[in-house]
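Novice: Here it is, the structure, as structure tokens.
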Amino acid sequence: MRPLRISTPAAGLLAAAALLFAFGGPVSQATLGAGSAPAAAAEQAAAGQGSAYISTHLYFGTGRHDGHPPITEEEFNQFVADVVTPRFPSGLTLQEGRGQWRDKEGDINRERSYELTVMYPVWEAHARNADIEYIRRLYCETWELESVGRADVRAQVDF
């Protein structure tokens, strides 16, 4: 009996996916520093590629529900000064934008938004996760919002 041979473009995708699952590891392990991160970070730093960091991007909307006025620029800046900066005093990046999302009632909301980026060494990921989740939760509770978006990306960083 001959082995089954698949020669379609899907076969290449399946093989790539199998390799990713076999060698890539779960995203949570990659972003939260599980595995051999210290050895890998030392090797990359020695090669002049910077240090292993996590870049966390938080997406804050300013539109509110039930006829409440949007969160003002002054209110948002005060939140950053009082809540975010004490937890990330080494620095952050803030960008203003326009965003849209579908709320729990199915409505599309278009609003002014902010993308906040903080970077920290991989070995700090577990401690920083608590700070980030506190910021997200407090923002939602303060202005009765549904969520603050979050994206974590591994990065090689050099300052």
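Going through the structure tokens in order, the chains are called A, B, and so on, while each chain numbers its residues from 1 and the ligands are numbered from 1 in the order shown.
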Write out as a PyMOL selection string the set of residues from region 52-93 of chain A that DSSP, computed on the backbone, places in alpha helix (DSSP H).
Specialist: chain A and resi 73-79
Novice: Run DSSP on the backbone of this structure and report the residues of region 46-148 of chain A it assigns to strand (DSSP E), as a PyMOL selection string.
Specialist: chain A and resi 51-61+93-102+108-121
Novice: Deliver the residues from the most recent selection as a file, using N, CA and C atoms, as a short mmCIF file (atom, residue, chain, number, x, y, z; two decimals), in the first residue's frame.
Specialist:
```cif
data_model
loop_
_atom_site.label_atom_id
_atom_site.label_comp_id
_atom_site.auth_asym_id
_atom_site.auth_seq_id
_atom_site.Cartn_x
_atom_site.Cartn_y
_atom_site.Cartn_z
N SER A 51 16.76 43.31 23.70
CA SER A 51 16.31 42.43 24.77
C SER A 51 14.87 42.00 24.51
N ALA A 52 14.51 40.85 25.07
CA ALA A 52 13.16 40.32 24.90
C ALA A 52 12.18 41.12 25.76
N TYR A 53 11.20 41.71 25.12
CA TYR A 53 10.19 42.53 25.77
C TYR A 53 8.80 42.08 25.33
N ILE A 54 7.81 42.55 26.07
CA ILE A 54 6.41 42.46 25.66
C ILE A 54 5.96 43.88 25.38
N SER A 55 5.29 44.07 24.27
CA SER A 55 4.69 45.36 23.93
C SER A 55 3.18 45.17 24.07
N THR A 56 2.59 45.82 25.06
CA THR A 56 1.15 45.71 25.29
C THR A 56 0.47 46.96 24.76
N HIS A 57 -0.54 46.74 23.94
CA HIS A 57 -1.32 47.82 23.35
C HIS A 57 -2.72 47.76 23.95
N LEU A 58 -3.14 48.87 24.54
CA LEU A 58 -4.49 48.97 25.11
C LEU A 58 -5.29 49.97 24.27
N TYR A 59 -6.53 49.62 23.99
CA TYR A 59 -7.40 50.43 23.14
C TYR A 59 -8.57 50.95 23.97
N PHE A 60 -8.54 52.27 24.23
CA PHE A 60 -9.54 52.92 25.07
C PHE A 60 -10.52 53.71 24.20
N GLY A 61 -11.78 53.37 24.28
CA GLY A 61 -12.80 54.16 23.62
C GLY A 61 -13.25 55.28 24.54
N THR A 93 3.58 55.18 25.36
CA THR A 93 3.27 55.92 24.14
C THR A 93 1.76 55.99 24.03
N LEU A 94 1.26 57.15 23.69
CA LEU A 94 -0.17 57.37 23.58
C LEU A 94 -0.47 57.97 22.21
N GLN A 95 -1.40 57.35 21.49
CA GLN A 95 -1.80 57.85 20.18
C GLN A 95 -3.31 58.02 20.16
N GLU A 96 -3.75 59.12 19.59
CA GLU A 96 -5.18 59.36 19.45
C GLU A 96 -5.62 58.83 18.10
N GLY A 97 -6.84 58.32 18.05
CA GLY A 97 -7.34 57.80 16.79
C GLY A 97 -8.85 57.83 16.73
N ARG A 98 -9.38 57.21 15.72
CA ARG A 98 -10.82 57.02 15.55
C ARG A 98 -11.02 55.52 15.44
N GLY A 99 -11.99 55.02 16.17
CA GLY A 99 -12.22 53.58 16.15
C GLY A 99 -13.70 53.26 16.05
N GLN A 100 -13.96 52.00 15.83
CA GLN A 100 -15.34 51.53 15.86
C GLN A 100 -15.35 50.10 16.36
N TRP A 101 -16.45 49.72 16.96
CA TRP A 101 -16.61 48.36 17.47
C TRP A 101 -18.09 48.08 17.65
N ARG A 102 -18.42 46.79 17.73
CA ARG A 102 -19.80 46.37 17.93
C ARG A 102 -20.01 46.07 19.41
N ILE A 108 -23.07 49.28 16.11
CA ILE A 108 -21.73 49.74 15.75
C ILE A 108 -21.53 51.11 16.38
N ASN A 109 -20.47 51.25 17.14
CA ASN A 109 -20.13 52.50 17.80
C ASN A 109 -18.87 53.07 17.16
N ARG A 110 -18.94 54.32 16.74
CA ARG A 110 -17.77 55.02 16.21
C ARG A 110 -17.42 56.10 17.23
N GLU A 111 -16.12 56.17 17.55
CA GLU A 111 -15.75 57.08 18.63
C GLU A 111 -14.29 57.48 18.53
N ARG A 112 -13.99 58.58 19.19
CA ARG A 112 -12.59 58.94 19.37
C ARG A 112 -12.00 57.90 20.31
N SER A 113 -10.76 57.51 20.07
CA SER A 113 -10.15 56.48 20.91
C SER A 113 -8.67 56.80 21.11
N TYR A 114 -8.08 56.04 22.02
CA TYR A 114 -6.66 56.18 22.31
C TYR A 114 -6.03 54.79 22.31
N GLU A 115 -4.84 54.71 21.72
CA GLU A 115 -4.04 53.50 21.82
C GLU A 115 -2.87 53.82 22.73
N LEU A 116 -2.77 53.06 23.81
CA LEU A 116 -1.71 53.23 24.78
C LEU A 116 -0.78 52.03 24.67
N THR A 117 0.51 52.28 24.51
CA THR A 117 1.49 51.20 24.39
C THR A 117 2.47 51.30 25.54
N VAL A 118 2.66 50.18 26.22
CA VAL A 118 3.70 50.06 27.25
C VAL A 118 4.56 48.86 26.90
N MET A 119 5.85 48.97 27.18
CA MET A 119 6.77 47.86 26.93
C MET A 119 7.51 47.53 28.21
N TYR A 120 7.74 46.24 28.41
CA TYR A 120 8.41 45.79 29.63
C TYR A 120 9.12 44.48 29.32
N PRO A 121 10.19 44.18 30.08
CA PRO A 121 10.93 42.94 29.85
C PRO A 121 10.03 41.72 30.04
#
```
Novice: What lies within 8 Å of region 80-91 of chain A using only C-alpha atoms, ignoring chain neighbours under 3 positions off, as a PyMOL selection string?
Specialist: chain A and resi 76-77+118+131+135
Novice: Write the residues of the preceding selection, restricted to C-alpha atoms, as a tab-separated table (two decimals), in the first residue's frame.
Specialist:
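result-v4.tsv written:
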```
chain	number	residue	atom	x	y	z
A	76	PHE	CA	-8.60	60.68	29.79
A	77	ASN	CA	-5.30	62.49	30.41
A	118	VAL	CA	3.70	50.06	27.25
A	131	ASP	CA	-1.22	46.24	36.52
A	135	ILE	CA	-6.08	49.64	34.40
```
Novice: State, in Å with one decimal place, the distance from CA of Val148 (chain A) to CA of Arg136 (chain A).
Specialist: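 CA of Val148 (chain A) sits 5.6 Å away from CA of Arg136 (chain A).
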Novice: Of the candidates A:Glu144, A:Asp152, A:Arg137, A:Ile132, which shows the shortest atom-to-atom distance to Asp66 (chain A), using only C-alpha atoms?
Specialist: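 Using only C-alpha atoms, the shortest distance to Asp66 (chain A) belongs to A:Glu144.
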Novice: Interatomic distance between CA of Val157 (chain A) and CA of Ala125 (chain A)?
Specialist: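 Atom-to-atom, CA of Val157 (chain A) and CA of Ala125 (chain A) are spaced 14.7 Å apart.
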Novice: To one decimal in Å, tell me the separation between CA of Glu133 (chain A) and CA of Arg150 (chain A).
Specialist: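 Atom-to-atom, CA of Glu133 (chain A) to CA of Arg150 (chain A), that is 9.4 Å.
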